[in-house]
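Colleague: What follows is query.csv, made up of CSV, C-alpha atoms:
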```csv
chain,number,residue,atom,x,y,z
A,24,MET,CA,142.7,108.4,75.2
A,25,PRO,CA,144.8,108.1,72.0
A,26,TYR,CA,142.8,107.4,68.9
A,27,PRO,CA,144.6,104.1,68.1
A,28,GLU,CA,143.8,102.9,71.6
A,29,ILE,CA,140.2,103.7,71.1
A,30,LYS,CA,140.2,101.7,68.0
A,31,ASN,CA,141.7,98.7,69.8
A,32,VAL,CA,139.1,98.9,72.6
A,33,ILE,CA,136.4,98.7,70.0
A,34,LEU,CA,138.0,95.8,68.2
A,35,GLU,CA,138.4,93.9,71.5
A,36,VAL,CA,134.9,94.7,72.7
A,37,ASN,CA,136.5,95.7,76.0
A,38,GLU,CA,133.5,96.2,78.3
A,39,GLU,CA,135.8,97.4,81.1
A,40,VAL,CA,136.5,100.5,79.1
A,41,LEU,CA,133.5,100.8,76.8
A,42,THR,CA,130.4,102.3,78.3
A,43,GLU,CA,126.9,102.8,77.1
A,44,SER,CA,127.3,106.6,77.0
A,45,MET,CA,130.6,106.4,75.2
A,46,ILE,CA,129.2,104.1,72.4
A,47,SER,CA,126.0,106.1,72.2
A,48,ASN,CA,128.0,109.3,71.5
A,49,LEU,CA,130.2,107.6,69.0
A,50,VAL,CA,127.2,106.3,67.1
A,51,LYS,CA,125.5,109.7,67.3
A,52,GLN,CA,128.6,111.7,66.1
A,53,LEU,CA,129.9,109.1,63.6
A,54,PRO,CA,130.1,110.5,60.0
A,55,GLU,CA,128.2,108.7,57.2
A,56,GLY,CA,129.8,105.9,55.4
A,57,ASP,CA,130.8,107.8,52.3
A,58,GLN,CA,132.4,110.5,54.5
A,59,ILE,CA,134.4,107.9,56.3
A,60,GLN,CA,135.7,106.5,53.0
A,61,MET,CA,136.7,110.0,51.9
A,62,LEU,CA,138.6,110.5,55.2
A,63,ALA,CA,140.4,107.2,54.7
A,64,GLU,CA,142.0,108.6,51.5
A,65,PHE,CA,143.9,111.1,53.7
A,66,LYS,CA,145.7,108.6,55.9
A,67,ASP,CA,149.0,109.5,54.3
A,68,GLU,CA,148.5,113.1,55.3
A,69,TYR,CA,147.5,112.2,58.9
A,70,ASN,CA,149.9,114.5,60.7
A,71,GLU,CA,148.7,117.5,58.7
A,72,LEU,CA,145.0,116.9,59.5
A,73,ALA,CA,143.0,118.5,62.4
A,74,GLU,CA,142.0,116.3,65.3
A,75,PRO,CA,138.5,115.5,64.1
A,76,GLU,CA,139.8,114.4,60.7
A,77,GLN,CA,142.6,112.4,62.4
A,78,PHE,CA,140.0,110.6,64.5
A,79,GLY,CA,137.9,109.9,61.4
A,80,VAL,CA,140.9,108.4,59.6
A,81,VAL,CA,141.6,106.0,62.5
A,82,MET,CA,138.0,104.9,62.7
A,83,SER,CA,137.8,104.3,59.0
A,84,THR,CA,140.2,101.4,59.4
A,85,VAL,CA,137.7,99.5,61.6
A,86,PRO,CA,135.7,97.1,59.4
A,87,ARG,CA,131.9,97.7,59.4
A,88,LEU,CA,132.2,100.3,62.1
A,89,ARG,CA,128.6,101.3,62.4
A,90,PRO,CA,127.0,97.8,62.7
A,91,ARG,CA,129.8,96.9,65.1
A,92,LEU,CA,129.1,99.9,67.4
A,93,ASN,CA,125.3,99.2,67.2
A,94,ALA,CA,125.9,95.6,68.2
A,95,ILE,CA,128.2,96.6,71.1
A,96,LEU,CA,125.6,99.1,72.3
A,97,PHE,CA,122.9,96.4,72.2
A,98,LYS,CA,125.2,94.1,74.3
A,99,LEU,CA,125.9,96.8,76.9
A,100,MET,CA,122.2,97.6,77.2
A,101,PHE,CA,120.7,94.1,77.0
A,102,ASN,CA,120.5,93.5,80.8
A,103,GLU,CA,118.8,96.8,81.2
A,104,HIS,CA,116.2,95.9,78.6
A,105,VAL,CA,115.6,92.6,80.4
A,106,GLU,CA,115.2,94.4,83.7
A,107,ASN,CA,112.7,96.8,82.1
A,108,ILE,CA,110.5,93.9,80.7
A,109,LYS,CA,110.8,91.1,83.3
A,110,PRO,CA,109.4,93.0,86.4
A,111,ASP,CA,106.3,94.1,84.5
A,112,ILE,CA,105.5,90.5,83.4
A,113,VAL,CA,106.1,89.3,87.0
A,114,SER,CA,103.8,92.0,88.4
A,115,VAL,CA,100.9,91.3,86.1
A,116,THR,CA,101.3,87.5,86.5
A,117,ALA,CA,101.2,87.8,90.3
A,118,ALA,CA,98.3,90.3,90.2
A,119,CYS,CA,96.3,87.9,88.1
A,120,GLU,CA,96.8,85.0,90.5
A,121,GLU,CA,96.1,87.2,93.6
A,122,VAL,CA,92.8,88.5,92.2
A,123,ARG,CA,91.7,85.0,91.0
A,124,LYS,CA,92.6,83.3,94.3
A,125,SER,CA,91.4,85.9,96.8
A,126,LYS,CA,88.4,84.4,98.6
A,127,ASN,CA,87.9,87.6,100.6
A,128,PHE,CA,87.6,89.6,97.4
A,129,SER,CA,85.1,87.1,96.0
A,130,THR,CA,83.1,87.4,99.2
A,131,LEU,CA,83.1,91.2,98.8
A,132,LEU,CA,81.8,90.9,95.3
A,133,GLU,CA,79.0,88.6,96.6
A,134,ILE,CA,78.0,91.2,99.2
A,135,THR,CA,78.1,94.0,96.7
A,136,LEU,CA,75.8,92.0,94.3
A,137,LEU,CA,73.4,91.2,97.2
A,138,VAL,CA,73.2,94.9,98.3
A,139,GLY,CA,72.7,96.0,94.7
A,140,ASN,CA,69.9,93.5,94.1
A,141,PHE,CA,68.3,94.6,97.4
A,142,MET,CA,68.4,98.3,96.4
A,143,ASN,CA,67.1,97.5,92.9
A,144,ALA,CA,64.2,95.3,94.0
A,145,GLY,CA,61.2,96.0,92.0
A,146,SER,CA,63.1,97.7,89.2
A,147,ARG,CA,64.2,96.5,85.8
A,148,ASN,CA,67.7,95.8,87.2
A,149,ALA,CA,66.4,93.5,89.9
A,150,GLY,CA,67.8,90.0,90.3
A,151,ALA,CA,71.1,90.6,88.5
A,152,PHE,CA,73.4,87.7,88.2
A,153,GLY,CA,76.5,89.9,88.2
A,154,PHE,CA,78.0,93.2,87.3
A,155,GLU,CA,81.0,94.6,85.5
A,156,ILE,CA,84.2,94.9,87.5
A,157,GLY,CA,84.4,98.6,86.7
A,158,PHE,CA,81.1,99.2,88.6
A,159,LEU,CA,83.1,98.9,91.9
A,160,CYS,CA,84.6,102.4,91.4
A,161,LYS,CA,81.0,103.8,91.0
A,162,LEU,CA,79.8,102.7,94.4
A,163,LYS,CA,80.9,106.1,95.9
A,164,ASP,CA,78.6,107.9,93.5
A,165,THR,CA,75.5,106.5,95.2
A,166,LYS,CA,75.0,108.8,98.3
A,167,SER,CA,72.8,108.7,101.3
A,168,ALA,CA,69.8,111.0,101.9
A,169,ASP,CA,71.9,113.4,104.0
A,170,GLN,CA,74.7,113.3,101.4
A,171,LYS,CA,77.2,112.5,104.1
A,172,THR,CA,77.9,108.9,103.3
A,173,THR,CA,78.0,106.7,100.2
A,174,LEU,CA,77.1,103.1,99.3
A,175,LEU,CA,80.8,102.4,99.6
A,176,HIS,CA,80.8,103.6,103.2
A,177,PHE,CA,77.8,101.3,103.9
A,178,LEU,CA,79.5,98.4,102.2
A,179,ALA,CA,82.7,98.9,104.2
A,180,GLU,CA,80.8,99.2,107.5
A,181,THR,CA,78.8,96.1,106.7
A,182,CYS,CA,82.0,94.2,106.2
A,183,GLU,CA,83.4,95.6,109.4
A,184,GLN,CA,80.4,94.4,111.4
A,185,ASP,CA,79.5,91.1,109.8
A,186,TYR,CA,82.4,90.0,107.5
A,187,PRO,CA,85.6,91.2,109.2
A,188,ASP,CA,87.7,88.7,107.1
A,189,VAL,CA,86.8,90.7,104.0
A,190,LEU,CA,88.8,93.6,105.3
A,191,GLN,CA,92.0,91.6,104.5
A,192,PHE,CA,91.5,91.6,100.7
A,193,PRO,CA,93.6,94.8,100.1
A,194,ASP,CA,96.6,92.9,101.7
A,195,GLU,CA,96.0,89.9,99.4
A,196,MET,CA,96.4,92.0,96.2
A,197,VAL,CA,99.7,93.7,96.7
A,198,HIS,CA,100.8,93.5,93.0
A,199,VAL,CA,97.7,95.2,91.7
A,200,GLU,CA,99.2,98.7,91.9
A,201,LYS,CA,102.3,97.7,89.9
A,202,ALA,CA,100.2,95.8,87.4
A,203,SER,CA,98.0,99.0,86.9
A,204,ARG,CA,101.1,100.8,85.5
A,205,VAL,CA,102.0,98.1,83.0
A,206,SER,CA,101.1,98.6,79.3
A,207,ALA,CA,100.6,95.3,77.5
A,208,GLU,CA,101.2,97.2,74.2
A,209,ASN,CA,104.6,98.4,75.4
A,210,LEU,CA,105.5,95.0,76.6
A,211,GLN,CA,104.8,93.4,73.3
A,212,LYS,CA,106.6,96.2,71.5
A,213,ASN,CA,109.8,95.8,73.6
A,214,LEU,CA,109.8,92.1,73.1
A,215,GLY,CA,109.4,92.5,69.4
A,216,GLN,CA,112.3,95.0,69.4
A,217,MET,CA,114.5,92.7,71.3
A,218,LYS,CA,113.7,89.9,68.9
A,219,LYS,CA,114.6,92.0,65.9
A,220,GLN,CA,117.9,93.2,67.5
A,221,ILE,CA,118.9,89.6,68.3
A,222,SER,CA,118.0,88.5,64.7
A,223,ASP,CA,120.0,91.5,63.2
A,224,LEU,CA,123.0,90.7,65.3
A,225,GLN,CA,122.9,87.1,64.3
A,226,LYS,CA,122.9,88.1,60.6
A,227,ASP,CA,125.7,90.5,61.1
A,228,ILE,CA,127.8,87.8,62.8
A,229,GLU,CA,127.2,85.4,59.9
A,230,SER,CA,128.0,87.9,57.3
A,231,PHE,CA,131.0,89.5,59.1
A,232,PRO,CA,134.3,89.4,57.2
A,233,PRO,CA,137.2,87.4,58.6
A,234,PRO,CA,139.2,89.5,61.1
A,235,THR,CA,142.3,91.2,59.7
A,236,ASP,CA,143.6,92.2,63.1
A,237,ASP,CA,144.5,89.8,65.9
A,238,LYS,CA,142.8,92.2,68.4
A,239,ASP,CA,139.5,91.9,66.6
A,240,LYS,CA,137.3,89.8,69.0
A,241,PHE,CA,134.0,91.0,67.7
A,242,VAL,CA,132.7,87.7,66.1
A,243,GLU,CA,134.0,85.6,69.0
A,244,LYS,CA,132.4,87.6,71.8
A,245,MET,CA,129.2,88.4,70.0
A,246,THR,CA,128.6,84.7,69.1
A,247,ILE,CA,128.6,83.9,72.8
A,248,PHE,CA,126.4,86.9,73.6
A,249,VAL,CA,123.8,86.1,71.0
A,250,LYS,CA,123.4,82.6,72.4
A,251,GLU,CA,122.8,84.0,75.9
A,252,ALA,CA,120.5,86.7,74.6
A,253,GLN,CA,118.4,84.2,72.7
A,254,GLU,CA,118.0,82.1,75.9
A,255,GLN,CA,117.0,85.2,77.9
A,256,TYR,CA,114.5,86.2,75.2
A,257,THR,CA,113.0,82.7,75.1
A,258,LYS,CA,112.4,82.8,78.8
A,259,LEU,CA,110.8,86.2,78.6
A,260,CYS,CA,108.5,85.0,75.9
A,261,MET,CA,107.4,82.0,77.9
A,262,MET,CA,106.7,84.3,80.9
A,263,HIS,CA,104.8,86.7,78.7
A,264,GLU,CA,102.7,83.9,77.2
A,265,ASN,CA,101.8,82.6,80.6
A,266,MET,CA,100.9,86.2,81.7
A,267,VAL,CA,98.6,86.6,78.7
A,268,SER,CA,97.0,83.2,79.4
A,269,LEU,CA,96.3,84.1,83.0
A,270,PHE,CA,94.7,87.4,82.0
A,271,ASP,CA,92.5,85.6,79.5
A,272,GLU,CA,91.4,83.2,82.2
A,273,LEU,CA,90.7,86.2,84.4
A,274,GLY,CA,88.5,87.6,81.6
A,275,GLN,CA,86.5,84.4,81.4
A,276,TYR,CA,86.1,84.4,85.2
A,277,TYR,CA,84.9,88.0,85.5
A,278,VAL,CA,83.2,87.9,82.1
A,279,PHE,CA,85.0,90.7,80.2
A,280,ASN,CA,86.7,90.7,76.9
A,281,PRO,CA,90.5,90.8,77.3
A,282,LYS,CA,90.9,92.2,73.8
A,283,LYS,CA,88.7,95.2,74.7
A,284,VAL,CA,89.7,95.7,78.3
A,285,SER,CA,93.4,96.1,78.6
A,286,ILE,CA,95.6,94.9,81.4
A,287,GLU,CA,96.3,98.5,82.4
A,288,GLU,CA,92.6,99.4,82.5
A,289,PHE,CA,91.5,96.3,84.4
A,290,PHE,CA,94.0,96.5,87.2
A,291,LEU,CA,93.7,100.3,87.4
A,292,ASP,CA,90.0,99.9,88.3
A,293,LEU,CA,90.9,97.3,90.9
A,294,HIS,CA,93.7,99.5,92.3
A,295,ASN,CA,91.4,102.6,92.5
A,296,PHE,CA,88.6,100.5,94.2
A,297,ARG,CA,91.2,99.1,96.7
A,298,ASN,CA,92.3,102.5,97.7
A,299,MET,CA,88.7,103.9,97.9
A,300,PHE,CA,87.6,100.9,100.1
A,301,VAL,CA,90.6,101.5,102.5
A,302,GLN,CA,89.8,105.2,102.6
A,303,ALA,CA,86.1,104.5,103.3
A,304,LEU,CA,87.1,102.4,106.3
A,305,LYS,CA,89.2,105.3,107.6
A,306,GLU,CA,86.4,107.8,107.1
A,307,ASN,CA,83.9,105.5,108.9
A,308,GLN,CA,86.3,105.3,111.8
A,309,LYS,CA,86.6,109.1,111.9
A,310,ARG,CA,82.9,109.5,111.7
A,311,ARG,CA,82.3,107.1,114.6
A,312,GLU,CA,84.9,108.9,116.7
A,313,ALA,CA,83.3,112.2,116.0
A,314,GLU,CA,79.9,110.9,116.9
A,315,GLU,CA,81.2,109.4,120.1
A,316,LYS,CA,82.9,112.7,120.9
A,317,LEU,CA,79.6,114.5,120.4
A,318,ARG,CA,77.7,112.0,122.5
A,319,ARG,CA,80.1,112.4,125.4
A,320,ALA,CA,79.9,116.2,125.1
A,321,LYS,CA,76.1,116.0,125.1
A,322,LEU,CA,76.1,113.7,128.2
A,323,ALA,CA,78.6,116.0,130.0
A,324,LYS,CA,76.4,119.0,129.2
A,325,GLU,CA,73.2,117.3,130.4
A,326,LYS,CA,75.0,116.2,133.6
A,327,ALA,CA,76.2,119.7,134.3
A,328,GLU,CA,72.8,121.2,133.7
A,329,LYS,CA,71.2,118.6,136.0
A,330,GLU,CA,73.7,119.4,138.8
A,331,LYS,CA,73.1,123.1,138.3
A,332,LEU,CA,69.3,122.6,138.5
A,333,GLU,CA,69.6,120.5,141.7
A,334,LYS,CA,71.8,123.1,143.4
A,335,GLN,CA,69.3,125.8,142.4
A,336,GLN,CA,66.4,123.8,143.9
A,337,LYS,CA,68.3,123.2,147.2
A,338,ARG,CA,69.1,126.9,147.5
A,339,GLU,CA,65.4,127.8,146.9
A,340,GLN,CA,64.3,125.2,149.5
A,341,LEU,CA,66.8,126.6,152.1
A,342,ILE,CA,65.4,130.1,151.5
A,343,ASP,CA,61.9,128.9,152.0
A,344,MET,CA,62.8,127.1,155.3
A,345,ASN,CA,64.6,130.2,156.8
A,346,ALA,CA,61.5,132.2,156.0
A,347,GLU,CA,59.3,130.0,158.3
A,348,GLY,CA,60.7,131.1,161.7
A,349,ASP,CA,63.5,131.0,164.3
A,350,GLU,CA,62.9,127.3,165.1
A,351,THR,CA,64.3,126.5,161.7
A,352,GLY,CA,67.4,128.5,162.4
A,353,VAL,CA,67.9,126.6,165.7
A,354,MET,CA,67.6,123.3,163.8
A,355,ASP,CA,70.2,124.6,161.3
A,356,SER,CA,72.5,125.5,164.1
A,357,LEU,CA,72.1,122.1,165.7
A,358,LEU,CA,72.8,120.3,162.4
A,359,GLU,CA,75.9,122.5,161.9
A,360,ALA,CA,77.1,121.6,165.4
A,361,LEU,CA,76.6,117.9,164.8
A,362,GLN,CA,78.4,118.1,161.5
A,363,SER,CA,81.4,120.0,162.9
A,364,GLY,CA,81.6,117.9,166.1
A,365,ALA,CA,81.3,120.8,168.5
A,366,ALA,CA,78.3,119.1,170.2
A,367,PHE,CA,80.6,116.3,171.5
A,368,ARG,CA,83.2,118.6,173.1
A,369,ARG,CA,82.0,118.9,176.8
A,370,LYS,CA,83.2,121.7,179.1
A,371,ARG,CA,84.1,121.2,182.8
A,372,GLY,CA,81.7,123.0,185.3
A,373,PRO,CA,82.5,124.7,188.7
A,374,ARG,CA,81.2,121.7,190.7
A,375,GLN,CA,83.7,119.4,189.0
A,376,ASP,CA,86.5,121.8,189.8
A,377,SER,CA,85.5,121.9,193.6
A,378,LEU,CA,85.3,118.2,193.8
A,379,LEU,CA,88.8,117.9,192.3
A,380,SER,CA,90.2,120.4,194.9
A,381,LEU,CA,88.6,118.5,197.8
A,382,SER,CA,90.0,115.2,196.6
A,383,GLU,CA,93.5,116.7,196.3
A,384,GLU,CA,93.2,118.2,199.9
A,385,GLU,CA,92.2,114.9,201.4
A,386,GLU,CA,95.1,113.1,199.8
A,387,GLN,CA,97.6,115.6,201.2
A,388,ALA,CA,96.1,115.7,204.8
A,389,PRO,CA,98.2,114.2,207.8
A,390,ASP,CA,97.5,110.6,208.8
A,391,LEU,CA,95.9,111.0,212.3
A,392,LEU,CA,96.6,107.4,213.3
A,393,THR,CA,100.3,107.3,212.4
A,394,GLY,CA,100.9,111.1,212.8
A,395,LYS,CA,102.8,111.0,209.5
A,396,LEU,CA,102.0,112.9,206.3
A,397,ALA,CA,100.3,110.6,203.8
A,398,VAL,CA,102.0,110.2,200.5
A,399,PRO,CA,99.6,110.8,197.6
A,400,LEU,CA,99.2,107.7,195.4
A,401,PRO,CA,100.0,108.1,191.8
A,402,ARG,CA,96.9,108.6,189.6
A,403,CYS,CA,96.2,106.2,186.9
```
Any chance you could give the structure as structure tokens?
Modeller:
Amino acid sequence: MPYPEIKNVILEVNEEVLTESMISNLVKQLPEGDQIQMLAEFKDEYNELAEPEQFGVVMSTVPRLRPRLNAILFKLMFNEHVENIKPDIVSVTAACEEVRKSKNFSTLLEITLLVGNFMNAGSRNAGAFGFEIGFLCKLKDTKSADQKTTLLHFLAETCEQDYPDVLQFPDEMVHVEKASRVSAENLQKNLGQMKKQISDLQKDIESFPPPTDDKDKFVEKMTIFVKEAQEQYTKLCMMHENMVSLFDELGQYYVFNPKKVSIEEFFLDLHNFRNMFVQALKENQKRREAEEKLRRAKLAKEKAEKEKLEKQQKREQLIDMNAEGDETGVMDSLLEALQSGAAFRRKRGPRQDSLLSLSEEEEQAPDLLTGKLAVPLPRC
């Protein structure tokens, strides 16, 4: 792009051509003010200068070049700044409301306190009225006698059996994870930086010299932008104040000092406990499945051993019966014939065959009264 055209784009604040990277490079590579003034003295020898010097000469004709570029860069990056701040405020605000309004989470805290007081009965910690929210992450440190389960596993199993609604509390605190990554200090710092940049731009506009070029639209466009930026900043500040107020109320409800316990620390503890509770539920399920598998395997083994023993006993009884005499063998043969059906298949004897032959001869003999051969009747 020709250098004079670059100059016009800057004067017009043409955002269709100007980009964040372009302005950033210009600001980074721009010579100091006294060097630009020195380059301006060589404008009559422009054609004899090298390209870097030519570019410097052209840029030296733009009034208040560095403040102008900084203001344009702020305008180009403003929406990005807003999108970096606003989601964090929204996440923390939503997380505060979710934790405060979750009845299932409150019930879980009651159960935890009850279990703790039961375990501490008779000790100096007995009859506690409450506990610090950070204690939730330490439930996994109290282990059973066999070191296989923890107090957190017991708590999760108790909720599964007697308080199934409590298991829904992780789904009621979906913004806790995002809130755990928000730094209140960085939020405050970014808002303060935005306020300063808007204030500096307002001062630059008020002190900006009257334009000497018709293409110079800096004051006109920046005046409109400052008004819009101020409105956006005001909304962000209101949202931030509401967020801080909700977190302070959360501190009063859970009895912790919001000035000593940061937003990041508080929600990080809740996020870690939420994940550990869900993991404990999964581990309990796997443990029950493993126990059921072992139980079934044990029953199958016992059944197989029982059947093997019964077969062995029958075999021994059979051997003992065969050793008593031949009569036992006859009875075994009879039982075998009954089972196979051989005892019910009768064989035809010789008398039955002779009777059948006589009957057939009588039917085929001549009729003595008629003198004719009798016709045998069909058999049914």
Colleague: Hey, what's within 9 Å of A:Lys98 if we count only C-alpha atoms and toss same-chain stuff fewer than 2 positions away? As JSON, numbers by chain, please?
Modeller: {"A": [93, 94, 95, 96, 100, 101, 102, 245, 248, 249, 252]}
Colleague: Would you export the selected residues with C-alpha atoms as a compact mmCIF listing (two decimals), in the frame of the given file, please?
Modeller:
```txt
# COMPACT_ATOMS: atom_id res chain seq x y z
CA ASN A 93 125.30 99.20 67.20
CA ALA A 94 125.90 95.60 68.20
CA ILE A 95 128.20 96.60 71.10
CA LEU A 96 125.60 99.10 72.30
CA MET A 100 122.20 97.60 77.20
CA PHE A 101 120.70 94.10 77.00
CA ASN A 102 120.50 93.50 80.80
CA MET A 245 129.20 88.40 70.00
CA PHE A 248 126.40 86.90 73.60
CA VAL A 249 123.80 86.10 71.00
CA ALA A 252 120.50 86.70 74.60
```
Colleague: Please measure the separation of atom CA of A:Glu103 and atom CA of A:Lys51, giving the value in Å to one decimal.
Modeller: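 Pair atom CA of A:Glu103 / atom CA of A:Lys51 returns 20.1 Å.
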Colleague: Kindly provide the residues of stretch 281-357 of chain A that approach stretch 120-125 of chain A to within 12 Å, each paired with its closest atom pair and their distance in Å to one decimal, based on only C-alpha atoms, listed by chain and increasing number, as JSON lines.
Modeller:
```
{"residue": "A:Phe289", "atom": "CA", "partner": "A:Val122", "partner_atom": "CA", "distance": 11.1}
{"residue": "A:Phe290", "atom": "CA", "partner": "A:Val122", "partner_atom": "CA", "distance": 9.5}
{"residue": "A:Leu293", "atom": "CA", "partner": "A:Val122", "partner_atom": "CA", "distance": 9.1}
{"residue": "A:His294", "atom": "CA", "partner": "A:Val122", "partner_atom": "CA", "distance": 11.0}
{"residue": "A:Arg297", "atom": "CA", "partner": "A:Val122", "partner_atom": "CA", "distance": 11.6}
```
Colleague: Do you know which residues are at most 7 Å from stretch 264-275 of chain A counting only C-alpha atoms, after dropping those on the same chain fewer than 5 positions away, and could you put them as a PyMOL selection string?
Modeller: chain A and resi 112+115-116+119+123+280-281
Colleague: Grab the atom CA of A:Asp188 to atom CA of A:Ala303 distance for me, in Å with one decimal place.
Modeller: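 Pair atom CA of A:Asp188 / atom CA of A:Ala303 returns 16.3 Å.
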Colleague: Find the residues near stretch 225-241 of chain A: any atom within 10 Å, counting all atoms listed in the file, skip ones fewer than 2 places away on the same chain, and give them as a list in words.
Modeller: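 My list of contacting residues is Lys30, Asn31, Val32, Ile33, Leu34, Glu35, Val36, Asn37, Val85, Pro86, Arg87, Pro90, Arg91, Ala94, Ile95, Lys219, Gln220, Ile221, Ser222, Asp223, Glu243, Lys244, Met245, Thr246, Phe248, Val249, Lys250 and Gln253 of chain A.
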Colleague: Just write the chosen residues, C-alpha atoms, as an mmCIF file, in the coordinates of the input.
Modeller:
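The resulting file, selection_18.cif, is reproduced below:
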```cif
data_model
loop_
_atom_site.group_PDB
_atom_site.id
_atom_site.type_symbol
_atom_site.label_atom_id
_atom_site.label_comp_id
_atom_site.auth_asym_id
_atom_site.auth_seq_id
_atom_site.Cartn_x
_atom_site.Cartn_y
_atom_site.Cartn_z
ATOM 1 C CA LYS A 30 140.200 101.700 68.000
ATOM 2 C CA ASN A 31 141.700 98.700 69.800
ATOM 3 C CA VAL A 32 139.100 98.900 72.600
ATOM 4 C CA ILE A 33 136.400 98.700 70.000
ATOM 5 C CA LEU A 34 138.000 95.800 68.200
ATOM 6 C CA GLU A 35 138.400 93.900 71.500
ATOM 7 C CA VAL A 36 134.900 94.700 72.700
ATOM 8 C CA ASN A 37 136.500 95.700 76.000
ATOM 9 C CA VAL A 85 137.700 99.500 61.600
ATOM 10 C CA PRO A 86 135.700 97.100 59.400
ATOM 11 C CA ARG A 87 131.900 97.700 59.400
ATOM 12 C CA PRO A 90 127.000 97.800 62.700
ATOM 13 C CA ARG A 91 129.800 96.900 65.100
ATOM 14 C CA ALA A 94 125.900 95.600 68.200
ATOM 15 C CA ILE A 95 128.200 96.600 71.100
ATOM 16 C CA LYS A 219 114.600 92.000 65.900
ATOM 17 C CA GLN A 220 117.900 93.200 67.500
ATOM 18 C CA ILE A 221 118.900 89.600 68.300
ATOM 19 C CA SER A 222 118.000 88.500 64.700
ATOM 20 C CA ASP A 223 120.000 91.500 63.200
ATOM 21 C CA GLU A 243 134.000 85.600 69.000
ATOM 22 C CA LYS A 244 132.400 87.600 71.800
ATOM 23 C CA MET A 245 129.200 88.400 70.000
ATOM 24 C CA THR A 246 128.600 84.700 69.100
ATOM 25 C CA PHE A 248 126.400 86.900 73.600
ATOM 26 C CA VAL A 249 123.800 86.100 71.000
ATOM 27 C CA LYS A 250 123.400 82.600 72.400
ATOM 28 C CA GLN A 253 118.400 84.200 72.700
#
```
Colleague: Give me, as a list in words, all polymer residues having an atom no more than 12 Å from A:Glu64, counting all atoms listed in the file and skipping those fewer than 2 positions away in the same chain.
Modeller: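 Within the cut-off, the hits are Asp57, Gln58, Ile59, Gln60, Met61, Leu62, Lys66, Asp67, Glu68, Tyr69, Leu72, Glu76, Gln77, Gly79, Val80, Val81, Ser83 and Thr84 of chain A.
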Colleague: Identify the residues around (108.6, 91.2, 70.9) within a radius of 12 Å, measuring from all atoms listed in the file in the coordinates stated by the file, and give them as a list in words.
Modeller: His104, Val105, Ile108, Ala207, Glu208, Asn209, Leu210, Gln211, Lys212, Asn213, Leu214, Gly215, Gln216, Met217, Lys218, Lys219, Gln220, Ile221, Ser222, Tyr256, Thr257, Leu259, Cys260, Met261, His263 and Glu264 of chain A
Colleague: Atom CA of A:Arg319 and atom CA of A:Lys331 are how many Å apart?
Modeller: 18.2 Å
Colleague: Find the residue from A:His198, A:Gln255, A:Leu175, A:Lys283 that sits nearest to A:Lys109; use only C-alpha atoms when measuring.
Modeller: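 Checking each candidate against A:Lys109, we get A:Gln255 as the closest.
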Colleague: Start from the incomplete input, build N, CA and C atoms for stretch 121-132 of chain A, and deliver everything as a PDB file, in the frame of the given file.
Modeller:
```pdb
ATOM      1  N   GLU A 121      96.635  86.681  92.302  1.00  0.00           N
ATOM      2  CA  GLU A 121      96.100  87.200  93.600  1.00  0.00           C
ATOM      3  C   GLU A 121      94.601  87.493  93.451  1.00  0.00           C
ATOM      4  N   VAL A 122      94.202  88.140  92.370  1.00  0.00           N
ATOM      5  CA  VAL A 122      92.800  88.500  92.200  1.00  0.00           C
ATOM      6  C   VAL A 122      91.937  87.235  92.022  1.00  0.00           C
ATOM      7  N   ARG A 123      92.479  86.272  91.284  1.00  0.00           N
ATOM      8  CA  ARG A 123      91.700  85.000  91.000  1.00  0.00           C
ATOM      9  C   ARG A 123      91.574  84.178  92.268  1.00  0.00           C
ATOM     10  N   LYS A 124      92.563  84.165  93.158  1.00  0.00           N
ATOM     11  CA  LYS A 124      92.600  83.300  94.300  1.00  0.00           C
ATOM     12  C   LYS A 124      92.074  83.905  95.605  1.00  0.00           C
ATOM     13  N   SER A 125      91.835  85.200  95.595  1.00  0.00           N
ATOM     14  CA  SER A 125      91.400  85.900  96.800  1.00  0.00           C
ATOM     15  C   SER A 125      89.967  85.553  97.160  1.00  0.00           C
ATOM     16  N   LYS A 126      89.755  84.749  98.201  1.00  0.00           N
ATOM     17  CA  LYS A 126      88.400  84.400  98.600  1.00  0.00           C
ATOM     18  C   LYS A 126      87.699  85.587  99.272  1.00  0.00           C
ATOM     19  N   ASN A 127      88.463  86.407  99.955  1.00  0.00           N
ATOM     20  CA  ASN A 127      87.900  87.600 100.600  1.00  0.00           C
ATOM     21  C   ASN A 127      87.345  88.571  99.571  1.00  0.00           C
ATOM     22  N   PHE A 128      88.067  88.708  98.461  1.00  0.00           N
ATOM     23  CA  PHE A 128      87.600  89.600  97.400  1.00  0.00           C
ATOM     24  C   PHE A 128      86.343  89.027  96.752  1.00  0.00           C
ATOM     25  N   SER A 129      86.301  87.721  96.570  1.00  0.00           N
ATOM     26  CA  SER A 129      85.100  87.100  96.000  1.00  0.00           C
ATOM     27  C   SER A 129      83.908  87.294  96.934  1.00  0.00           C
ATOM     28  N   THR A 130      84.133  87.173  98.246  1.00  0.00           N
ATOM     29  CA  THR A 130      83.100  87.400  99.200  1.00  0.00           C
ATOM     30  C   THR A 130      82.564  88.857  99.120  1.00  0.00           C
ATOM     31  N   LEU A 131      83.483  89.780  98.956  1.00  0.00           N
ATOM     32  CA  LEU A 131      83.100  91.200  98.800  1.00  0.00           C
ATOM     33  C   LEU A 131      82.249  91.410  97.596  1.00  0.00           C
ATOM     34  N   LEU A 132      82.575  90.743  96.502  1.00  0.00           N
ATOM     35  CA  LEU A 132      81.800  90.900  95.300  1.00  0.00           C
ATOM     36  C   LEU A 132      80.368  90.290  95.505  1.00  0.00           C
TER      37      LEU A 132
END
```
